[in-house]
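Colleague: Input structure: upload.tsv, which contains TSV, C-alpha atoms.
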chain	number	residue	atom	x	y	z
A	194	MET	CA	-39.14	34.78	-43.56
A	195	ASP	CA	-35.86	33.10	-44.44
A	196	ARG	CA	-35.09	31.74	-47.88
A	197	SER	CA	-35.34	28.03	-47.07
A	198	LEU	CA	-38.78	28.46	-45.49
A	199	PHE	CA	-40.01	30.39	-48.49
A	200	VAL	CA	-38.87	27.62	-50.85
A	201	LEU	CA	-40.68	25.05	-48.72
A	202	LEU	CA	-43.92	27.01	-48.87
A	203	LEU	CA	-43.57	27.46	-52.61
A	204	LEU	CA	-43.22	23.72	-53.09
A	205	SER	CA	-46.16	23.01	-50.81
A	206	GLY	CA	-48.34	25.17	-53.01
A	207	LEU	CA	-46.93	23.63	-56.16
A	208	PHE	CA	-47.78	20.05	-55.18
A	209	TRP	CA	-50.90	20.65	-53.10
A	210	GLY	CA	-53.62	18.13	-53.91
A	211	SER	CA	-51.42	15.85	-56.03
A	212	SER	CA	-52.34	12.82	-53.92
A	213	SER	CA	-55.89	13.03	-55.27
A	214	LEU	CA	-54.77	12.54	-58.86
A	215	SER	CA	-56.15	9.35	-60.42
A	216	ARG	CA	-53.68	6.72	-61.46
A	217	PRO	CA	-53.94	5.86	-65.17
A	218	TYR	CA	-54.81	2.15	-65.45
A	219	HIS	CA	-53.95	-0.15	-68.37
A	220	TYR	CA	-55.57	-3.53	-69.00
A	221	ILE	CA	-53.05	-6.00	-70.44
A	222	ASN	CA	-54.79	-8.92	-72.13
A	223	ILE	CA	-51.80	-11.26	-71.92
A	224	ALA	CA	-51.85	-14.28	-69.60
A	225	MET	CA	-48.92	-14.08	-67.18
A	226	SER	CA	-48.11	-15.21	-63.66
A	227	TRP	CA	-48.18	-12.52	-60.96
A	228	PRO	CA	-44.36	-12.10	-60.89
A	229	GLU	CA	-44.26	-11.92	-64.71
A	230	ALA	CA	-47.06	-9.35	-64.73
A	231	GLN	CA	-45.23	-7.32	-62.08
A	232	SER	CA	-42.06	-7.25	-64.19
A	233	TYR	CA	-44.03	-6.31	-67.31
A	234	CYS	CA	-45.74	-3.39	-65.56
A	235	ARG	CA	-42.53	-2.11	-64.02
A	236	GLU	CA	-40.72	-2.18	-67.36
A	237	ARG	CA	-43.44	-0.40	-69.35
A	238	PHE	CA	-45.46	1.61	-66.81
A	239	THR	CA	-45.02	2.03	-63.05
A	240	ASP	CA	-46.29	-1.17	-61.40
A	241	LEU	CA	-49.23	-3.53	-61.05
A	242	ALA	CA	-52.44	-1.70	-60.16
A	243	THR	CA	-52.77	-0.17	-56.70
A	244	VAL	CA	-56.31	0.57	-55.49
A	245	ASP	CA	-57.35	3.23	-52.96
A	246	SER	CA	-61.13	3.50	-53.17
A	247	MET	CA	-64.37	2.25	-54.70
A	248	ASP	CA	-63.86	4.83	-57.45
A	249	ASP	CA	-60.61	3.04	-58.33
A	250	VAL	CA	-62.39	-0.33	-58.24
A	251	ASN	CA	-65.03	0.92	-60.67
A	252	ARG	CA	-62.37	2.29	-63.01
A	253	LEU	CA	-60.57	-1.06	-62.98
A	254	VAL	CA	-63.80	-2.93	-63.76
A	255	ASN	CA	-64.43	-0.64	-66.72
A	256	LYS	CA	-60.92	-1.28	-68.05
A	257	VAL	CA	-61.37	-5.05	-68.36
A	258	ASP	CA	-62.80	-6.38	-71.63
A	259	ALA	CA	-66.56	-6.79	-71.28
A	260	GLY	CA	-66.42	-10.32	-72.67
A	261	TYR	CA	-63.82	-11.54	-70.17
A	262	SER	CA	-65.30	-13.42	-67.20
A	263	GLY	CA	-62.16	-14.48	-65.33
A	264	SER	CA	-60.01	-12.61	-62.84
A	265	VAL	CA	-57.12	-10.23	-63.50
A	266	TRP	CA	-54.03	-9.60	-61.41
A	267	ILE	CA	-53.74	-6.43	-59.34
A	268	GLY	CA	-50.75	-5.39	-57.24
A	269	LEU	CA	-51.72	-6.91	-53.88
A	270	LYS	CA	-49.68	-9.78	-52.45
A	271	ARG	CA	-49.40	-11.44	-49.05
A	272	GLY	CA	-46.64	-9.95	-46.91
A	273	THR	CA	-44.84	-11.31	-43.87
A	274	GLN	CA	-45.91	-8.86	-41.16
A	275	LYS	CA	-49.39	-7.94	-39.94
A	276	ARG	CA	-50.26	-4.28	-39.45
A	277	TRP	CA	-53.26	-2.36	-38.17
A	278	GLY	CA	-55.41	-0.62	-40.75
A	279	TRP	CA	-58.81	0.99	-41.17
A	280	SER	CA	-61.56	-0.19	-43.50
A	281	ASN	CA	-61.68	3.17	-45.32
A	282	GLY	CA	-58.00	2.80	-46.26
A	283	GLU	CA	-56.40	4.93	-43.56
A	284	ASN	CA	-53.19	3.75	-41.94
A	285	LYS	CA	-53.39	3.19	-38.19
A	286	THR	CA	-51.02	6.07	-37.43
A	287	SER	CA	-52.78	7.29	-34.29
A	288	PRO	CA	-51.31	5.89	-31.05
A	289	TYR	CA	-54.83	5.57	-29.63
A	290	PHE	CA	-56.08	2.06	-28.81
A	291	ASN	CA	-58.76	1.07	-26.32
A	292	PHE	CA	-58.37	-2.68	-25.99
A	293	ASP	CA	-59.92	-4.39	-22.99
A	294	SER	CA	-57.67	-6.06	-20.43
A	295	GLY	CA	-55.95	-9.08	-21.98
A	296	GLN	CA	-56.73	-7.90	-25.50
A	297	PRO	CA	-55.86	-8.44	-28.25
A	298	ASP	CA	-55.38	-12.17	-27.66
A	299	ALA	CA	-54.83	-13.29	-31.28
A	300	GLU	CA	-58.32	-14.77	-31.60
A	301	GLY	CA	-58.87	-13.06	-34.94
A	302	ASP	CA	-57.94	-10.21	-37.28
A	303	CYS	CA	-61.08	-8.06	-36.97
A	304	ILE	CA	-61.93	-5.78	-34.07
A	305	ALA	CA	-65.25	-5.38	-32.27
A	306	THR	CA	-66.21	-3.02	-29.47
A	307	TYR	CA	-68.02	-4.09	-26.30
A	308	SER	CA	-69.24	-1.18	-24.18
A	309	GLY	CA	-66.42	0.91	-25.65
A	310	ALA	CA	-63.64	-1.63	-24.99
A	311	TRP	CA	-62.06	-3.31	-28.01
A	312	HIS	CA	-61.71	-7.05	-28.61
A	313	ASP	CA	-60.17	-8.98	-31.49
A	314	ALA	CA	-62.40	-11.63	-33.02
A	315	ARG	CA	-62.62	-13.92	-36.01
A	316	CYS	CA	-63.83	-11.93	-38.98
A	317	SER	CA	-66.40	-14.66	-39.70
A	318	HIS	CA	-68.34	-13.98	-36.47
A	319	LEU	CA	-71.85	-12.60	-37.00
A	320	LEU	CA	-72.24	-9.35	-35.04
A	321	TYR	CA	-74.07	-6.06	-35.09
A	322	PHE	CA	-71.98	-3.31	-36.67
A	323	THR	CA	-71.60	0.44	-37.05
A	324	CYS	CA	-71.40	2.53	-40.23
A	325	TYR	CA	-70.58	6.18	-40.74
A	326	MET	CA	-71.56	8.90	-43.16
A	327	GLY	CA	-70.15	12.39	-42.78
A	328	ASN	CA	-69.61	12.99	-39.07
A	329	THR	CA	-72.37	10.65	-37.92
A	330	SER	CA	-72.14	6.97	-36.95
A	331	TYR	CA	-75.08	4.57	-37.10
A	332	LEU	CA	-75.74	1.27	-35.33
A	333	ILE	CA	-76.94	-1.44	-37.72
A	334	GLN	CA	-78.87	-4.14	-35.86
A	335	ILE	CA	-78.27	-6.86	-38.43
A	336	TYR	CA	-75.94	-9.79	-37.83
A	337	LYS	CA	-73.12	-9.88	-40.38
A	338	ASN	CA	-69.51	-10.98	-40.53
A	339	TRP	CA	-66.92	-8.20	-40.75
A	340	THR	CA	-66.50	-8.32	-44.56
A	341	ASP	CA	-70.25	-8.31	-45.23
A	342	ALA	CA	-70.68	-5.48	-42.72
A	343	GLN	CA	-68.02	-3.53	-44.61
A	344	SER	CA	-69.85	-4.09	-47.92
A	345	TYR	CA	-73.16	-3.02	-46.38
A	346	CYS	CA	-71.66	0.20	-45.01
A	347	ARG	CA	-70.03	1.04	-48.35
A	348	GLN	CA	-73.31	0.50	-50.20
A	349	GLN	CA	-75.64	2.25	-47.77
A	350	TYR	CA	-73.38	4.76	-46.00
A	351	THR	CA	-69.64	5.45	-46.41
A	352	ASP	CA	-67.74	2.72	-44.56
A	353	LEU	CA	-67.12	1.10	-41.20
A	354	PRO	CA	-66.01	3.89	-38.84
A	355	THR	CA	-62.52	4.87	-37.76
A	356	ILE	CA	-61.73	5.82	-34.15
A	357	HIS	CA	-58.77	8.13	-33.62
A	358	ASN	CA	-59.21	9.20	-30.00
A	359	SER	CA	-61.25	8.74	-26.81
A	360	GLU	CA	-63.82	11.34	-27.86
A	361	GLU	CA	-64.66	9.44	-31.06
A	362	ASN	CA	-64.72	6.17	-29.13
A	363	ASN	CA	-67.20	7.64	-26.64
A	364	GLN	CA	-69.40	8.94	-29.46
A	365	ILE	CA	-69.70	5.46	-30.96
A	366	ASN	CA	-70.18	3.89	-27.53
A	367	GLN	CA	-73.26	6.08	-27.01
A	368	ILE	CA	-75.12	4.36	-29.88
A	369	LEU	CA	-74.19	0.77	-28.92
A	370	LEU	CA	-76.57	-1.66	-27.24
A	371	PRO	CA	-75.39	-2.99	-23.86
A	372	GLY	CA	-74.23	-6.59	-23.94
A	373	TYR	CA	-73.52	-6.73	-27.70
A	374	TYR	CA	-70.18	-7.01	-29.47
A	375	THR	CA	-70.23	-4.65	-32.45
A	376	TRP	CA	-67.94	-4.39	-35.48
A	377	PHE	CA	-66.18	-1.16	-36.43
A	378	GLY	CA	-63.43	-0.44	-38.97
A	379	LEU	CA	-60.18	-1.67	-37.39
A	380	PHE	CA	-58.50	-4.84	-38.64
A	381	LEU	CA	-55.16	-6.62	-38.93
A	382	ASP	CA	-53.72	-7.14	-42.39
A	383	SER	CA	-50.57	-8.70	-43.86
A	384	TRP	CA	-51.25	-7.87	-47.53
A	385	GLU	CA	-48.93	-5.43	-49.30
A	386	TRP	CA	-49.03	-3.47	-52.54
A	387	SER	CA	-46.37	-4.17	-55.13
A	388	ASP	CA	-45.35	-0.49	-55.19
A	389	LYS	CA	-45.21	-0.41	-51.35
A	390	TRP	CA	-48.16	1.98	-51.17
A	391	SER	CA	-49.20	2.03	-47.52
A	392	ARG	CA	-52.97	2.56	-47.59
A	393	PHE	CA	-55.27	-0.26	-46.45
A	394	PHE	CA	-58.25	-0.15	-48.79
A	395	ARG	CA	-59.52	-3.72	-49.43
A	396	HIS	CA	-62.43	-5.09	-51.48
A	397	TRP	CA	-62.51	-8.82	-50.77
A	398	ALA	CA	-65.06	-11.27	-52.12
A	399	ALA	CA	-67.15	-13.31	-49.67
A	400	GLY	CA	-64.98	-15.78	-47.75
A	401	GLN	CA	-61.78	-13.97	-48.74
A	402	PRO	CA	-59.02	-13.83	-47.81
A	403	SER	CA	-58.73	-17.39	-46.56
A	404	GLN	CA	-56.46	-18.10	-43.62
A	405	SER	CA	-55.87	-21.66	-44.83
A	406	SER	CA	-52.40	-22.53	-46.05
A	407	GLY	CA	-51.95	-23.14	-49.74
A	408	THR	CA	-54.80	-20.86	-50.80
A	409	GLY	CA	-52.57	-18.45	-52.72
A	410	ASP	CA	-50.48	-15.39	-51.96
A	411	CYS	CA	-51.44	-13.13	-54.88
A	412	VAL	CA	-54.66	-11.22	-55.51
A	413	GLY	CA	-56.87	-11.05	-58.56
A	414	MET	CA	-59.95	-8.93	-59.26
A	415	SER	CA	-63.15	-10.29	-60.80
A	416	ARG	CA	-65.01	-8.02	-63.22
A	417	ASN	CA	-68.16	-10.14	-62.92
A	418	ASN	CA	-68.21	-9.91	-59.12
A	419	SER	CA	-68.35	-6.11	-58.83
A	420	GLY	CA	-64.57	-5.90	-58.88
A	421	ARG	CA	-64.15	-7.99	-55.73
A	422	TRP	CA	-60.83	-9.59	-54.88
A	423	SER	CA	-59.77	-13.19	-54.31
A	424	GLN	CA	-56.44	-14.85	-53.64
A	425	TYR	CA	-54.81	-17.22	-56.12
A	426	SER	CA	-51.58	-19.08	-56.64
A	427	CYS	CA	-49.03	-16.58	-57.93
A	428	ASP	CA	-48.14	-19.05	-60.71
A	429	LEU	CA	-51.61	-18.80	-62.26
A	430	LYS	CA	-51.44	-17.16	-65.68
A	431	GLN	CA	-54.10	-14.54	-66.35
A	432	PRO	CA	-54.46	-10.97	-67.68
A	433	PHE	CA	-53.53	-8.07	-65.43
A	434	ILE	CA	-53.80	-4.34	-64.90
A	435	CYS	CA	-50.86	-1.93	-64.69
A	436	TYR	CA	-50.86	1.69	-63.63
A	437	GLY	CA	-48.72	4.65	-64.63
A	438	ASP	CA	-47.87	6.65	-67.73
A	439	ASP	CA	-46.25	5.06	-70.75
A	440	MET	CA	-43.40	7.57	-70.72
A	441	ARG	CA	-41.12	7.11	-67.74
A	442	LYS	CA	-39.10	10.31	-68.30
A	443	GLN	CA	-40.65	13.75	-68.02
A	444	ILE	CA	-39.20	17.25	-68.14
A	445	VAL	CA	-40.85	19.76	-65.83
A	446	ARG	CA	-40.16	23.49	-65.75
A	447	LEU	CA	-40.05	24.89	-62.23
A	448	LYS	CA	-39.99	28.57	-61.30
A	449	VAL	CA	-38.30	29.42	-57.99
A	450	THR	CA	-38.70	32.87	-56.47
A	451	CYS	CA	-36.35	34.31	-53.86
A	452	LYS	CA	-37.42	37.13	-51.58
A	453	GLU	CA	-33.83	38.23	-51.25
A	454	LYS	CA	-30.66	37.75	-53.22
A	455	CYS	CA	-29.86	34.04	-53.39
A	456	ALA	CA	-26.98	32.15	-54.94
A	457	LEU	CA	-28.95	29.65	-57.00
A	458	LYS	CA	-25.79	28.58	-58.79
A	459	GLU	CA	-24.45	27.13	-55.55
A	460	PRO	CA	-24.57	23.29	-55.74
A	461	SER	CA	-25.50	23.07	-52.05
A	462	LEU	CA	-28.64	25.20	-52.55
A	463	GLN	CA	-29.59	23.25	-55.68
A	464	THR	CA	-29.33	20.04	-53.64
A	465	VAL	CA	-31.57	21.48	-50.90
A	466	ILE	CA	-34.27	22.42	-53.42
A	467	LEU	CA	-34.00	19.04	-55.17
A	468	ASN	CA	-34.41	17.24	-51.84
A	469	GLU	CA	-37.52	19.31	-51.05
A	470	ILE	CA	-39.04	18.34	-54.41
A	471	SER	CA	-38.19	14.68	-53.84
A	472	GLU	CA	-39.85	14.68	-50.41
A	473	LYS	CA	-43.00	16.28	-51.81
A	474	LEU	CA	-43.18	13.68	-54.56
A	475	LYS	CA	-42.79	10.84	-52.06
A	476	ASN	CA	-45.51	12.27	-49.82
A	477	THR	CA	-47.92	12.45	-52.76
A	478	MET	CA	-46.95	9.02	-54.12
A	479	LEU	CA	-45.70	10.52	-57.38
A	480	GLU	CA	-42.20	9.17	-56.86
A	481	SER	CA	-41.42	5.55	-56.07
A	482	ASP	CA	-38.47	4.06	-57.96
A	483	SER	CA	-37.96	7.15	-60.12
A	484	LYS	CA	-34.98	9.48	-59.83
A	485	ILE	CA	-35.00	13.22	-60.24
A	486	SER	CA	-32.15	15.50	-61.25
A	487	TRP	CA	-31.57	18.99	-62.58
A	488	ARG	CA	-31.25	19.46	-66.31
A	489	THR	CA	-28.49	21.83	-67.32
A	490	GLY	CA	-28.72	24.07	-70.35
A	491	GLU	CA	-26.24	24.21	-73.20
A	492	ASP	CA	-24.22	26.66	-71.12
A	493	GLY	CA	-23.98	24.13	-68.30
A	494	VAL	CA	-26.18	26.25	-66.00
A	495	VAL	CA	-29.27	24.94	-64.16
A	496	PHE	CA	-30.96	28.21	-63.12
A	497	HIS	CA	-31.47	31.18	-65.43
A	498	GLN	CA	-32.64	34.53	-64.14
A	499	GLN	CA	-35.61	36.29	-65.65
A	500	ASN	CA	-36.79	39.81	-64.85
A	501	ASN	CA	-40.53	40.52	-64.81
A	502	HIS	CA	-42.32	43.85	-65.23
A	503	MET	CA	-42.44	44.49	-61.48
A	504	GLY	CA	-38.69	44.45	-61.19
A	505	ASN	CA	-38.56	41.26	-59.13
A	506	GLN	CA	-36.25	38.47	-60.16
A	507	ASP	CA	-37.59	35.02	-60.93
A	508	ASN	CA	-35.36	32.02	-61.40
A	509	LYS	CA	-36.39	29.06	-63.53
A	510	CYS	CA	-34.94	25.60	-63.51
A	511	TYR	CA	-35.57	22.23	-65.08
A	512	ARG	CA	-35.53	18.70	-63.74
A	513	HIS	CA	-35.81	15.17	-65.14
A	514	LEU	CA	-38.20	12.59	-63.69
Could the structure of this file be written out as structure tokens, please?
Modeller:
Amino acid sequence: MDRSLFVLLLLSGLFWGSSSLSRPYHYINIAMSWPEAQSYCRERFTDLATVDSMDDVNRLVNKVDAGYSGSVWIGLKRGTQKRWGWSNGENKTSPYFNFDSGQPDAEGDCIATYSGAWHDARCSHLLYFTCYMGNTSYLIQIYKNWTDAQSYCRQQYTDLPTIHNSEENNQINQILLPGYYTWFGLFLDSWEWSDKWSRFFRHWAAGQPSQSSGTGDCVGMSRNNSGRWSQYSCDLKQPFICYGDDMRKQIVRLKVTCKEKCALKEPSLQTVILNEISEKLKNTMLESDSKISWRTGEDGVVFHQQNNHMGNQDNKCYRHL
């Protein structure tokens, strides 16, 4: 195993599971517009709140003062480009689509299946729908619009299902009733997180978001409506929720082990290791606008060798976040 591969594996182990860490949320009881709140959060924390799951929604609700009945800003804002996403928050990264001939035809932003072939439709249409829990999908023979179907699935099961390939599409098709359009989890979305986080989890209130012009481009959360989201004018002044630690600079000690003699004092190798760390942080959403760099000791050296009892050499280094 060469040295660069060993360093990569070491970093993979070091950062494994970091994406599951909960963001620290902070309720700011100061009335500000959405842009003002965004600036405030970026100056003092990381950004306006980003939300990935119902667990995050519940944590946000618990952060808001119990006596406050209005809405609070979160980090979602209308973007300029629509993208495919899944109800459970996944990005539509799979190249698999199974649209019927002539579809999608821009009729709507929510997707239904008809005998296994996909059709776009207005999200307000009342259709049967499918839910999933674990590896099993269920047909729900109740007429609901797409948003209400999503809420039902999240309350009774897990969510509206995702379909990544033809096998999964065929599995869902087996439980459908012939002649019925049926909702599943795919939708089009133009909303973006302030920190550019790419996941698609949404928790809209009934009738939201509105497609009408002038209804607002920024999103607030209502504590009294189970944490559901509505769109408002970005100029509206209201409290907000930030995420991130108070301290923007952190010092982390990192131990790097070489299986053979390596010139850790070489700037080129230090740059390679630093780039690997940066990529891992980006993949786990722990680095956005932050910069990382090595911290040199009083002797001007980054890495310092340390011998352990087994006779192997370990090298330790420091970096700033």
Colleague: Using all atoms listed in the file, which residue out of A:Arg416, A:Arg271, A:Arg392, A:Lys430 lies closest to Asn284 (chain A)?
Modeller: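 Counting all atoms listed in the file, the residue closest to Asn284 (chain A) is A:Arg392.
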Colleague: Which polymer residues have any atom within 12 Å of an atom of Trp386 (chain A), counting only C-alpha atoms, with same-chain residues fewer than 4 positions away left out, as an MDAnalysis selection string?
Modeller: chainID A and resid 231 240:245 266:272 382 390:395 411:412
Colleague: Could you work out how far CA of Glu229 (chain A) lies from CA of Ile485 (chain A), giving the answer in Å with one decimal?
Modeller: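 Computing it gives 27.2 Å between the two atoms.
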Colleague: Report, in Å with one decimal, the straight-line distance from CA of Ser280 (chain A) to CA of Cys346 (chain A).
Modeller: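 CA of Cys346 (chain A) lies at a distance of 10.2 Å from CA of Ser280 (chain A).
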Colleague: Could you check which of A:Ile333, A:Cys435, A:Ala398, A:Thr464 is closest to Pro217 (chain A), using all atoms listed in the file?
Modeller: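 Ranked by minimum distance to Pro217 (chain A), first place goes to A:Cys435.
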Colleague: So how many Å separate CA of Asp410 (chain A) and CA of Phe322 (chain A), to one decimal?
Modeller: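 Those two atoms sit 29.0 Å apart.
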Colleague: Smallest atom-to-atom distance to Trp376 (chain A): which of A:Asn418, A:Ser308, A:Asn358, A:Ser426, using all atoms listed in the file?
Modeller: A:Ser308
Colleague: Excluding region 369-375 of chain A and residues on its chain fewer than 6 positions from it, collect all residues at most 9 Å away from it, counting all atoms listed in the file, and give them as a list in words.
Modeller: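 My reading of the contact set: Ile304, Ala305, Thr306, Tyr307, Ser308, Gly309, His312, Leu320, Tyr321, Phe322, Thr323 and Leu332 of chain A.
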Colleague: Given the selection you just returned, output its residues as a file containing C-alpha atoms, formatted as a tab-separated table (two decimals), keeping the file's coordinate frame.
Modeller:
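Output saved as part-v5.tsv:
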chain	number	residue	atom	x	y	z
A	304	ILE	CA	-61.93	-5.78	-34.07
A	305	ALA	CA	-65.25	-5.38	-32.27
A	306	THR	CA	-66.21	-3.02	-29.47
A	307	TYR	CA	-68.02	-4.09	-26.30
A	308	SER	CA	-69.24	-1.18	-24.18
A	309	GLY	CA	-66.42	0.91	-25.65
A	312	HIS	CA	-61.71	-7.05	-28.61
A	320	LEU	CA	-72.24	-9.35	-35.04
A	321	TYR	CA	-74.07	-6.06	-35.09
A	322	PHE	CA	-71.98	-3.31	-36.67
A	323	THR	CA	-71.60	0.44	-37.05
A	332	LEU	CA	-75.74	1.27	-35.33
Colleague: Might you pull out every residue within 8 Å of region 325-329 of chain A, with only C-alpha atoms counted and same-chain residues fewer than 4 positions away left off, and present them as a short mmCIF file (atom, residue, chain, number, x, y, z; two decimals) with C-alpha atoms, in the coordinates of the input?
Modeller:
data_model
loop_
_atom_site.label_atom_id
_atom_site.label_comp_id
_atom_site.auth_asym_id
_atom_site.auth_seq_id
_atom_site.Cartn_x
_atom_site.Cartn_y
_atom_site.Cartn_z
CA CYS A 346 -71.66 0.20 -45.01
CA TYR A 350 -73.38 4.76 -46.00
CA THR A 351 -69.64 5.45 -46.41
CA ASP A 352 -67.74 2.72 -44.56
CA LEU A 353 -67.12 1.10 -41.20
CA PRO A 354 -66.01 3.89 -38.84
#
Colleague: Would you list the contacts of Pro288 (chain A) as a list in words, taking every protein, DNA or RNA residue within 12 Å and counting all atoms listed in the file, but skipping same-chain residues closer than 6 positions in sequence?
Modeller: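 Everything that qualifies: Trp277, Ile356, His357, Asn358 and Ser359 of chain A.
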Colleague: Need the shell around Lys256 (chain A): protein/DNA/RNA residues with any atom at most 7 Å away, counting only C-alpha atoms. Skip same-chain ones fewer than 3 positions apart. Format as a list in words?
Modeller: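 In the requested format, the answer is Tyr220, Arg252 and Leu253 of chain A.
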